[in-house]
Amino acid sequence: MLKKISVVLLVIITFCACNFRHNQKNMKQKNVVVIEKDVHTLSNADSVDMQHLDLDITVDMDHKQISGCAVWRIDNTGKVKDLKLDTYDLAIESVSVDGHKVAYRLDPQIKFLGSALHLPINDNSKEVTICYKTGKDARALQWLDPQQTNDKKHPFLYTQSESIYARSWLPCPDGPGIRFTYRARVKVPKGLMALMSAENPQEANDSGVYSFNMDNPIPAYLMALAVGDIAFRSIDERTGVYAEQGMIEKARFEFEDVGRMVDAAEDLYGPYRWGRYDVLVLPPGFPIGGMENPRLTFCTPTILAGDRSLVSLIAHELAHSWSGNLVTNATWDDFWLNEGFTDYFERRIIERMMGKSYSDMLWELGYQDLVDNVKDLEHDGKSRDTWLKLDLKGRDPDDGLTDIPYEKGSLFLKLIEDNVGRDTFDRFLGKYFAEHAYKSVTTEEFLAYLDSNLIKGDSDLARRLDINAWVYGPGIPANCPRADQSRFMLVDSERVKFLNDTLPERLAVVEWTTHEWLEFLRKMPPAISVVQMKKLDNAFNFTNSGNSEIADLWYIMAVRSNYTPAFGAMEQFLSRVGRRKFLEPLYGEMMKTPKGEEMAKRLYQKYRNNYHPLAQESLDKLVLKKG
């Protein structure tokens, strides 16, 4: 095994050295990397330096369309005659190069990828302008009618550009390894506020015209826009929260500690480089927990539990300001470099703020999720998808959005910490973030950096880490670390007491956190009796829980046990929650029996329009058997 590790690292170092020389030869700007291995962009930004975007758009809430012009400042470093940009369902109205209108060509659409837009340029071209309109199938755009919002008074728009959806609302080089700065002018209906992943206003103006600036280079998947009847509340001098008017006070209460989170993160791995850090709480249909758009995290309202118990999600999105936004995976095959690092960083922030035993519970729940995900992928014949280094060629990059890059990636970093010591690993990570700031990195480049700066020829350390098994191997390696489980062992003992007929009121649960309740419920027998469900519900009111994590798990248990008193609240939950993390397991549980399938189809047809297109896509396959 030791010889195998040494050979792998030698190959990695040789590969990265060659790649670095190729980068130096062909690229002028430090924020541009070679992207020929990125199979999910149709652009040729490896030959043309896409330096800056000036975006001027109008948002038509009535017709659910964005229209305007994207002006790209370029440097034709590769001296090519044809600039190619990514588009998806865009209606191109005109194209100009250096102020002169030119003919253009759109290739036929490719599944997942959209259509390449071809623009004629010459060696000295400096600027291209594309005027366009978005189409009805823009996957990044979620248009909400008033009744789909929290306040039910005004329409709302938000974008979700990750992974390759930015191309559906602006023509761009849409790959994580391609960075650019941008300015934007956005016109919206008067009375509504516009926000972007940039410098933002804190109140609506009278004109409906807003200007934005992002002077740090970012990839297209971090382009973000939201428009609605939005209010702002300050947390401290550099953090704050946005939300709909009727949700703003609740959100402000929930995020009281966000400023302290930023301080804790900086103490760990260096300065926060993005100016302000604000959070936008979106309407209920948002399909994911959070999106790390620079300066403005988009997040789900399902974390507003009323007791600040679910804000570890904010720690995760904040951590992306270093791992992901500052140092980015070069391709979606390298996704673990974004999410594994961020999960690890999140838990370090939480440990700083809540203590080690609290973060240990997050580690253990994550390990449980990993075990389940590996089992599911292997059962479906997708063992290759359990590698850290993915292979998504010819596939939707969203296929890589499993627990593998998150949990296996973070546990790999925890293994390194355990073997080299926390202080040493922290210095290494701080140096890594600083030296790769505003750059994109491949898995191979990171491993070469790890070898040069941390392993340093230590064959015993290399043997203990077994990097090849983690990065280029399936499943969970034998040397996977586990967190201390003392608090969960106490929870497990209380569950045993309950199953042995101890009344719930007599269980020692007074100071339990959300994570302890999840452990308690997760490990219940597959289908406990209706009598037992009723006892738990009478004691703890799970059916009416305001905690979305607990509620979703309880409703899954209710479906299994046919505990009908929970079904009304479950329907209300499904009507207002759009997060795939909750929808897919709950609908999936219903689909396991004929009676449940009938209920799933009825509820899904009733509430489908409340969900984001990405959630609809997944649930159409699950519930309606489409695709």
# chains A, B, ... in the order shown; residues from 1 in each chain; ligands from 1
call {"tool": "select_by_dssp", "arguments": {"residues": "region 344-559 of chain A", "states": "helix (DSSP H, G or I)", "output": "count of residues only"}}
result
152
call {"tool": "residues_around", "arguments": {"residues": "region 426-440 of chain A", "least_positions_apart": "3", "cutoff": "6 Å", "atoms": "only C-alpha atoms", "output": "number ranges by chain"}}
result
A: 31, 177, 269, 326-330, 422-423
call {"tool": "closest_residue", "arguments": {"among": "A:Leu411, A:Leu603, A:Leu318, A:Val471", "to": "Leu362 (chain A)", "atoms": "only C-alpha atoms"}}
result
A:Leu411
call {"tool": "closest_residue", "arguments": {"among": "A:Ala251, A:Leu90, A:Met193, A:Leu337", "to": "Lys136 (chain A)", "atoms": "only C-alpha atoms"}}
result
A:Leu90
call {"tool": "atom_distance", "arguments": {"atom1": "CA of Thr159 (chain A)", "atom2": "CA of Asp398 (chain A)"}}
result
16.0 Å
call {"tool": "closest_residue", "arguments": {"among": "A:Asp307, A:Asp215, A:Glu571, A:Asp403", "to": "Asp257 (chain A)", "atoms": "only C-alpha atoms"}}
result
A:Asp307
call {"tool": "closest_atom_pairs", "arguments": {"of": "region 529-627 of chain A", "to": "region 492-501 of chain A", "cutoff": "10 Å", "atoms": "only C-alpha atoms", "output": "Markdown table"}}
result
| residue | atom | partner | partner_atom | distance |
| --- | --- | --- | --- | --- |
| A:Gln532 | CA | A:Leu499 | CA | 8.3 |
| A:Lys535 | CA | A:Phe498 | CA | 9.8 |
| A:Leu536 | CA | A:Phe498 | CA | 9.2 |
call {"tool": "closest_atom_pairs", "arguments": {"of": "region 406-489 of chain A", "to": "region 368-375 of chain A", "cutoff": "12 Å", "atoms": "only C-alpha atoms", "output": "JSON lines"}}
result
{"residue": "A:Tyr406", "atom": "CA", "partner": "A:Leu370", "partner_atom": "CA", "distance": 8.7}
{"residue": "A:Glu407", "atom": "CA", "partner": "A:Leu370", "partner_atom": "CA", "distance": 6.0}
{"residue": "A:Lys408", "atom": "CA", "partner": "A:Leu370", "partner_atom": "CA", "distance": 6.9}
{"residue": "A:Gly409", "atom": "CA", "partner": "A:Leu370", "partner_atom": "CA", "distance": 10.3}
{"residue": "A:Ser410", "atom": "CA", "partner": "A:Leu370", "partner_atom": "CA", "distance": 10.8}
{"residue": "A:Leu411", "atom": "CA", "partner": "A:Leu370", "partner_atom": "CA", "distance": 9.9}
{"residue": "A:Pro474", "atom": "CA", "partner": "A:Val374", "partner_atom": "CA", "distance": 8.6}
{"residue": "A:Gly475", "atom": "CA", "partner": "A:Val374", "partner_atom": "CA", "distance": 6.0}
{"residue": "A:Ile476", "atom": "CA", "partner": "A:Val371", "partner_atom": "CA", "distance": 7.7}
{"residue": "A:Pro477", "atom": "CA", "partner": "A:Val371", "partner_atom": "CA", "distance": 11.3}
{"residue": "A:Cys480", "atom": "CA", "partner": "A:Leu370", "partner_atom": "CA", "distance": 11.3}
{"residue": "A:Arg482", "atom": "CA", "partner": "A:Gln368", "partner_atom": "CA", "distance": 10.4}
{"residue": "A:Ala483", "atom": "CA", "partner": "A:Gln368", "partner_atom": "CA", "distance": 11.4}
call {"tool": "write_last_selection", "arguments": {"atoms": "all heavy atoms", "output": "short mmCIF file (atom, residue, chain, number, x, y, z; two decimals), in the first residue's frame"}}
result
data_model
loop_
_atom_site.label_atom_id
_atom_site.label_comp_id
_atom_site.auth_asym_id
_atom_site.auth_seq_id
_atom_site.Cartn_x
_atom_site.Cartn_y
_atom_site.Cartn_z
N TYR A 406 -19.86 16.01 0.49
CA TYR A 406 -20.00 16.70 1.77
C TYR A 406 -19.40 15.89 2.92
O TYR A 406 -18.46 16.34 3.59
CB TYR A 406 -21.48 16.94 2.07
CG TYR A 406 -22.18 17.92 1.16
CD1 TYR A 406 -22.63 17.52 -0.10
CD2 TYR A 406 -22.43 19.22 1.57
CE1 TYR A 406 -23.30 18.41 -0.93
CE2 TYR A 406 -23.10 20.11 0.75
CZ TYR A 406 -23.54 19.70 -0.50
OH TYR A 406 -24.20 20.58 -1.32
N GLU A 407 -19.95 14.71 3.13
CA GLU A 407 -19.61 13.95 4.34
C GLU A 407 -18.32 13.15 4.19
O GLU A 407 -17.48 13.15 5.09
CB GLU A 407 -20.78 13.04 4.72
CG GLU A 407 -22.09 13.77 4.97
CD GLU A 407 -22.02 14.80 6.09
OE1 GLU A 407 -21.05 14.75 6.89
OE2 GLU A 407 -22.92 15.66 6.17
N LYS A 408 -18.15 12.47 3.06
CA LYS A 408 -16.89 11.74 2.88
C LYS A 408 -15.74 12.74 2.76
O LYS A 408 -14.65 12.51 3.31
CB LYS A 408 -16.97 10.86 1.62
CG LYS A 408 -15.75 9.95 1.43
CD LYS A 408 -15.93 9.02 0.24
CE LYS A 408 -14.71 8.12 0.04
NZ LYS A 408 -14.87 7.20 -1.12
N GLY A 409 -15.99 13.85 2.08
CA GLY A 409 -14.95 14.87 1.95
C GLY A 409 -14.54 15.46 3.28
O GLY A 409 -13.34 15.60 3.58
N SER A 410 -15.51 15.80 4.12
CA SER A 410 -15.18 16.40 5.41
C SER A 410 -14.51 15.40 6.34
O SER A 410 -13.59 15.74 7.10
CB SER A 410 -16.43 16.98 6.07
OG SER A 410 -17.40 15.99 6.32
N LEU A 411 -14.94 14.14 6.28
CA LEU A 411 -14.30 13.12 7.12
C LEU A 411 -12.87 12.84 6.69
O LEU A 411 -12.01 12.53 7.52
CB LEU A 411 -15.14 11.83 7.09
CG LEU A 411 -16.43 11.89 7.92
CD1 LEU A 411 -17.36 10.75 7.54
CD2 LEU A 411 -16.11 11.86 9.41
N PRO A 474 -14.12 3.54 -3.78
CA PRO A 474 -15.54 3.58 -3.43
C PRO A 474 -15.78 3.48 -1.93
O PRO A 474 -14.90 3.08 -1.15
CB PRO A 474 -16.09 2.34 -4.14
CG PRO A 474 -14.94 1.38 -4.09
CD PRO A 474 -13.70 2.21 -4.25
N GLY A 475 -16.98 3.81 -1.55
CA GLY A 475 -17.45 3.55 -0.20
C GLY A 475 -16.75 4.36 0.87
O GLY A 475 -16.19 5.42 0.63
N ILE A 476 -16.77 3.81 2.09
CA ILE A 476 -16.19 4.47 3.26
C ILE A 476 -14.92 3.72 3.65
O ILE A 476 -14.98 2.54 4.03
CB ILE A 476 -17.18 4.46 4.44
CG1 ILE A 476 -18.50 5.13 4.02
CG2 ILE A 476 -16.58 5.17 5.65
CD1 ILE A 476 -19.59 5.03 5.07
N PRO A 477 -13.76 4.35 3.54
CA PRO A 477 -12.51 3.65 3.87
C PRO A 477 -12.46 3.16 5.31
O PRO A 477 -13.13 3.70 6.20
CB PRO A 477 -11.44 4.73 3.62
CG PRO A 477 -12.07 5.64 2.60
CD PRO A 477 -13.53 5.67 2.98
N CYS A 480 -11.83 5.51 8.41
CA CYS A 480 -12.72 6.66 8.58
C CYS A 480 -12.85 7.02 10.06
O CYS A 480 -13.14 6.16 10.90
CB CYS A 480 -14.10 6.33 8.01
SG CYS A 480 -15.27 7.71 8.13
N ARG A 482 -14.45 8.61 13.55
CA ARG A 482 -15.78 8.77 14.13
C ARG A 482 -15.68 9.76 15.29
O ARG A 482 -14.70 9.76 16.04
CB ARG A 482 -16.33 7.44 14.64
CG ARG A 482 -16.65 6.43 13.58
CD ARG A 482 -17.91 6.74 12.81
NE ARG A 482 -19.12 6.67 13.60
CZ ARG A 482 -19.82 5.55 13.82
NH1 ARG A 482 -19.39 4.39 13.32
NH2 ARG A 482 -20.94 5.58 14.52
N ALA A 483 -16.69 10.58 15.42
CA ALA A 483 -16.72 11.54 16.51
C ALA A 483 -17.11 10.85 17.81
O ALA A 483 -17.63 9.73 17.82
CB ALA A 483 -17.72 12.65 16.19
#
call {"tool": "residues_around", "arguments": {"residues": "Leu401 (chain A)", "least_positions_apart": "6", "cutoff": "10 Å", "atoms": "only C-alpha atoms", "output": "number ranges by chain"}}
result
A: 163, 332, 335-336, 339
call {"tool": "residues_around", "arguments": {"residues": "region 197-211 of chain A", "least_positions_apart": "6", "cutoff": "9 Å", "atoms": "only C-alpha atoms", "output": "PDB file with N, CA and C atoms, in the first residue's frame"}}
result
ATOM      1  N   THR A  58     -33.835  44.269 -17.349  1.00  0.00           N
ATOM      2  CA  THR A  58     -35.143  44.622 -16.812  1.00  0.00           C
ATOM      3  C   THR A  58     -35.859  43.343 -16.409  1.00  0.00           C
ATOM      4  N   TYR A 182     -18.066  41.826 -11.991  1.00  0.00           N
ATOM      5  CA  TYR A 182     -19.243  42.325 -12.696  1.00  0.00           C
ATOM      6  C   TYR A 182     -19.824  43.566 -12.038  1.00  0.00           C
ATOM      7  N   ARG A 183     -20.506  44.337 -12.865  1.00  0.00           N
ATOM      8  CA  ARG A 183     -21.394  45.414 -12.432  1.00  0.00           C
ATOM      9  C   ARG A 183     -22.745  45.155 -13.075  1.00  0.00           C
ATOM     10  N   ALA A 184     -23.803  45.614 -12.423  1.00  0.00           N
ATOM     11  CA  ALA A 184     -25.142  45.372 -12.966  1.00  0.00           C
ATOM     12  C   ALA A 184     -26.055  46.554 -12.681  1.00  0.00           C
ATOM     13  N   ARG A 185     -26.925  46.805 -13.636  1.00  0.00           N
ATOM     14  CA  ARG A 185     -28.040  47.741 -13.467  1.00  0.00           C
ATOM     15  C   ARG A 185     -29.304  46.931 -13.677  1.00  0.00           C
ATOM     16  N   VAL A 186     -30.171  46.918 -12.676  1.00  0.00           N
ATOM     17  CA  VAL A 186     -31.355  46.070 -12.711  1.00  0.00           C
ATOM     18  C   VAL A 186     -32.590  46.942 -12.475  1.00  0.00           C
ATOM     19  N   LYS A 187     -33.522  46.874 -13.429  1.00  0.00           N
ATOM     20  CA  LYS A 187     -34.767  47.613 -13.305  1.00  0.00           C
ATOM     21  C   LYS A 187     -35.880  46.649 -12.938  1.00  0.00           C
ATOM     22  N   VAL A 188     -36.616  46.979 -11.861  1.00  0.00           N
ATOM     23  CA  VAL A 188     -37.695  46.131 -11.369  1.00  0.00           C
ATOM     24  C   VAL A 188     -38.933  47.003 -11.148  1.00  0.00           C
ATOM     25  N   PRO A 189     -40.109  46.403 -10.972  1.00  0.00           N
ATOM     26  CA  PRO A 189     -41.308  47.210 -10.697  1.00  0.00           C
ATOM     27  C   PRO A 189     -41.124  48.073  -9.447  1.00  0.00           C
ATOM     28  N   LYS A 190     -41.612  49.298  -9.511  1.00  0.00           N
ATOM     29  CA  LYS A 190     -41.486  50.208  -8.375  1.00  0.00           C
ATOM     30  C   LYS A 190     -42.146  49.614  -7.138  1.00  0.00           C
ATOM     31  N   GLY A 191     -41.507  49.819  -6.015  1.00  0.00           N
ATOM     32  CA  GLY A 191     -42.003  49.277  -4.759  1.00  0.00           C
ATOM     33  C   GLY A 191     -41.328  47.985  -4.355  1.00  0.00           C
ATOM     34  N   LEU A 222     -22.068  31.622  -9.104  1.00  0.00           N
ATOM     35  CA  LEU A 222     -22.282  32.494  -7.954  1.00  0.00           C
ATOM     36  C   LEU A 222     -22.983  33.797  -8.331  1.00  0.00           C
ATOM     37  N   MET A 223     -23.425  33.919  -9.577  1.00  0.00           N
ATOM     38  CA  MET A 223     -24.280  35.040  -9.963  1.00  0.00           C
ATOM     39  C   MET A 223     -25.664  34.805  -9.370  1.00  0.00           C
ATOM     40  N   ALA A 224     -26.222  35.819  -8.710  1.00  0.00           N
ATOM     41  CA  ALA A 224     -27.513  35.642  -8.049  1.00  0.00           C
ATOM     42  C   ALA A 224     -28.318  36.929  -8.102  1.00  0.00           C
ATOM     43  N   LEU A 225     -29.640  36.776  -8.159  1.00  0.00           N
ATOM     44  CA  LEU A 225     -30.566  37.896  -8.196  1.00  0.00           C
ATOM     45  C   LEU A 225     -31.832  37.514  -7.436  1.00  0.00           C
ATOM     46  N   ASP A 229     -40.758  42.124  -2.293  1.00  0.00           N
ATOM     47  CA  ASP A 229     -41.073  43.093  -1.237  1.00  0.00           C
ATOM     48  C   ASP A 229     -40.243  42.702  -0.022  1.00  0.00           C
ATOM     49  N   ILE A 230     -39.023  43.193   0.018  1.00  0.00           N
ATOM     50  CA  ILE A 230     -37.993  42.704   0.930  1.00  0.00           C
ATOM     51  C   ILE A 230     -37.618  43.798   1.932  1.00  0.00           C
ATOM     52  N   ALA A 231     -37.453  43.402   3.190  1.00  0.00           N
ATOM     53  CA  ALA A 231     -37.008  44.314   4.242  1.00  0.00           C
ATOM     54  C   ALA A 231     -35.631  43.888   4.729  1.00  0.00           C
ATOM     55  N   PHE A 232     -34.953  44.794   5.419  1.00  0.00           N
ATOM     56  CA  PHE A 232     -33.605  44.524   5.938  1.00  0.00           C
ATOM     57  C   PHE A 232     -33.543  44.878   7.418  1.00  0.00           C
ATOM     58  N   ARG A 233     -32.788  44.055   8.175  1.00  0.00           N
ATOM     59  CA  ARG A 233     -32.474  44.379   9.561  1.00  0.00           C
ATOM     60  C   ARG A 233     -30.984  44.119   9.787  1.00  0.00           C
ATOM     61  N   TYR A 242     -32.068  39.913   5.317  1.00  0.00           N
ATOM     62  CA  TYR A 242     -33.173  40.336   4.469  1.00  0.00           C
ATOM     63  C   TYR A 242     -34.243  39.249   4.495  1.00  0.00           C
ATOM     64  N   TRP A 274     -14.936  39.624   1.661  1.00  0.00           N
ATOM     65  CA  TRP A 274     -16.042  39.990   0.782  1.00  0.00           C
ATOM     66  C   TRP A 274     -16.822  41.219   1.253  1.00  0.00           C
ATOM     67  N   GLY A 275     -16.289  41.954   2.236  1.00  0.00           N
ATOM     68  CA  GLY A 275     -16.994  43.135   2.713  1.00  0.00           C
ATOM     69  C   GLY A 275     -18.069  42.757   3.707  1.00  0.00           C
ATOM     70  N   ARG A 276     -19.331  42.888   3.324  1.00  0.00           N
ATOM     71  CA  ARG A 276     -20.442  42.513   4.192  1.00  0.00           C
ATOM     72  C   ARG A 276     -20.769  41.024   4.041  1.00  0.00           C
ATOM     73  N   ASN A 293     -24.134  32.466  -2.249  1.00  0.00           N
ATOM     74  CA  ASN A 293     -23.852  33.582  -3.130  1.00  0.00           C
ATOM     75  C   ASN A 293     -23.008  34.626  -2.392  1.00  0.00           C
ATOM     76  N   PRO A 294     -21.913  35.107  -2.991  1.00  0.00           N
ATOM     77  CA  PRO A 294     -21.008  36.009  -2.282  1.00  0.00           C
ATOM     78  C   PRO A 294     -21.722  37.235  -1.725  1.00  0.00           C
ATOM     79  N   ARG A 295     -21.398  37.573  -0.507  1.00  0.00           N
ATOM     80  CA  ARG A 295     -21.950  38.710   0.231  1.00  0.00           C
ATOM     81  C   ARG A 295     -23.402  38.511   0.643  1.00  0.00           C
ATOM     82  N   LEU A 296     -24.114  37.578   0.025  1.00  0.00           N
ATOM     83  CA  LEU A 296     -25.541  37.431   0.307  1.00  0.00           C
ATOM     84  C   LEU A 296     -25.961  35.970   0.203  1.00  0.00           C
ATOM     85  N   THR A 297     -25.876  35.232   1.299  1.00  0.00           N
ATOM     86  CA  THR A 297     -26.369  33.857   1.332  1.00  0.00           C
ATOM     87  C   THR A 297     -27.875  33.837   1.132  1.00  0.00           C
TER      88      THR A 297
END
call {"tool": "closest_residue", "arguments": {"among": "A:Asp466, A:Asp391, A:Asp399, A:Asp537", "to": "Ile416 (chain A)", "atoms": "only C-alpha atoms"}}
result
A:Asp466
call {"tool": "select_by_dssp", "arguments": {"residues": "region 245-462 of chain A", "states": "strand (DSSP E or B)", "output": "VMD selection string"}}
result
chain A and resid 277 to 281 290 to 291 296 to 299 323 327 to 329 439 to 441
call {"tool": "decode", "arguments": {"residues": "region 37-58 of chain A", "atoms": "N, CA and C atoms", "output": "PDB file, in the first residue's frame"}}
result
ATOM      1  N   LYS A  37     -10.779  20.433 -19.304  1.00  0.00           N
ATOM      2  CA  LYS A  37     -11.315  19.217 -18.694  1.00  0.00           C
ATOM      3  C   LYS A  37     -12.731  19.427 -18.175  1.00  0.00           C
ATOM      4  N   ASP A  38     -13.218  20.665 -18.183  1.00  0.00           N
ATOM      5  CA  ASP A  38     -14.571  20.922 -17.705  1.00  0.00           C
ATOM      6  C   ASP A  38     -15.552  20.573 -18.812  1.00  0.00           C
ATOM      7  N   VAL A  39     -16.199  19.426 -18.670  1.00  0.00           N
ATOM      8  CA  VAL A  39     -17.083  18.926 -19.721  1.00  0.00           C
ATOM      9  C   VAL A  39     -18.464  19.549 -19.654  1.00  0.00           C
ATOM     10  N   HIS A  40     -18.689  20.463 -18.711  1.00  0.00           N
ATOM     11  CA  HIS A  40     -20.016  21.037 -18.537  1.00  0.00           C
ATOM     12  C   HIS A  40     -20.124  22.475 -19.007  1.00  0.00           C
ATOM     13  N   THR A  41     -19.096  22.985 -19.649  1.00  0.00           N
ATOM     14  CA  THR A  41     -19.208  24.283 -20.303  1.00  0.00           C
ATOM     15  C   THR A  41     -18.933  24.116 -21.789  1.00  0.00           C
ATOM     16  N   LEU A  42     -19.712  24.819 -22.612  1.00  0.00           N
ATOM     17  CA  LEU A  42     -19.503  24.829 -24.057  1.00  0.00           C
ATOM     18  C   LEU A  42     -18.663  26.025 -24.481  1.00  0.00           C
ATOM     19  N   SER A  43     -18.268  26.846 -23.506  1.00  0.00           N
ATOM     20  CA  SER A  43     -17.494  28.054 -23.818  1.00  0.00           C
ATOM     21  C   SER A  43     -16.041  27.701 -24.121  1.00  0.00           C
ATOM     22  N   ASN A  44     -15.343  28.664 -24.687  1.00  0.00           N
ATOM     23  CA  ASN A  44     -13.892  28.490 -24.892  1.00  0.00           C
ATOM     24  C   ASN A  44     -13.128  29.537 -24.103  1.00  0.00           C
ATOM     25  N   ALA A  45     -13.506  29.702 -22.853  1.00  0.00           N
ATOM     26  CA  ALA A  45     -12.839  30.664 -21.976  1.00  0.00           C
ATOM     27  C   ALA A  45     -11.433  30.223 -21.592  1.00  0.00           C
ATOM     28  N   ASP A  46     -11.008  29.049 -22.040  1.00  0.00           N
ATOM     29  CA  ASP A  46      -9.601  28.689 -21.892  1.00  0.00           C
ATOM     30  C   ASP A  46      -8.735  29.433 -22.897  1.00  0.00           C
ATOM     31  N   SER A  47      -9.357  29.984 -23.942  1.00  0.00           N
ATOM     32  CA  SER A  47      -8.629  30.722 -24.979  1.00  0.00           C
ATOM     33  C   SER A  47      -8.914  32.220 -24.954  1.00  0.00           C
ATOM     34  N   VAL A  48     -10.041  32.603 -24.377  1.00  0.00           N
ATOM     35  CA  VAL A  48     -10.420  34.014 -24.311  1.00  0.00           C
ATOM     36  C   VAL A  48     -10.636  34.376 -22.844  1.00  0.00           C
ATOM     37  N   ASP A  49      -9.901  35.365 -22.371  1.00  0.00           N
ATOM     38  CA  ASP A  49      -9.999  35.794 -20.993  1.00  0.00           C
ATOM     39  C   ASP A  49     -11.248  36.658 -20.830  1.00  0.00           C
ATOM     40  N   MET A  50     -12.248  36.129 -20.128  1.00  0.00           N
ATOM     41  CA  MET A  50     -13.494  36.854 -19.875  1.00  0.00           C
ATOM     42  C   MET A  50     -13.304  37.666 -18.601  1.00  0.00           C
ATOM     43  N   GLN A  51     -12.882  38.922 -18.753  1.00  0.00           N
ATOM     44  CA  GLN A  51     -12.414  39.689 -17.604  1.00  0.00           C
ATOM     45  C   GLN A  51     -13.533  40.291 -16.762  1.00  0.00           C
ATOM     46  N   HIS A  52     -14.560  40.841 -17.416  1.00  0.00           N
ATOM     47  CA  HIS A  52     -15.539  41.626 -16.665  1.00  0.00           C
ATOM     48  C   HIS A  52     -16.873  41.629 -17.413  1.00  0.00           C
ATOM     49  N   LEU A  53     -17.971  41.637 -16.633  1.00  0.00           N
ATOM     50  CA  LEU A  53     -19.318  41.690 -17.187  1.00  0.00           C
ATOM     51  C   LEU A  53     -20.014  42.961 -16.715  1.00  0.00           C
ATOM     52  N   ASP A  54     -20.594  43.703 -17.663  1.00  0.00           N
ATOM     53  CA  ASP A  54     -21.529  44.777 -17.356  1.00  0.00           C
ATOM     54  C   ASP A  54     -22.913  44.305 -17.795  1.00  0.00           C
ATOM     55  N   LEU A  55     -23.804  44.162 -16.846  1.00  0.00           N
ATOM     56  CA  LEU A  55     -25.132  43.609 -17.102  1.00  0.00           C
ATOM     57  C   LEU A  55     -26.184  44.699 -16.914  1.00  0.00           C
ATOM     58  N   ASP A  56     -27.041  44.868 -17.909  1.00  0.00           N
ATOM     59  CA  ASP A  56     -28.120  45.860 -17.843  1.00  0.00           C
ATOM     60  C   ASP A  56     -29.420  45.136 -18.203  1.00  0.00           C
ATOM     61  N   ILE A  57     -30.273  44.878 -17.196  1.00  0.00           N
ATOM     62  CA  ILE A  57     -31.453  44.049 -17.433  1.00  0.00           C
ATOM     63  C   ILE A  57     -32.702  44.668 -16.807  1.00  0.00           C
ATOM     64  N   THR A  58     -33.835  44.269 -17.349  1.00  0.00           N
ATOM     65  CA  THR A  58     -35.143  44.622 -16.812  1.00  0.00           C
ATOM     66  C   THR A  58     -35.859  43.343 -16.409  1.00  0.00           C
TER      67      THR A  58
END
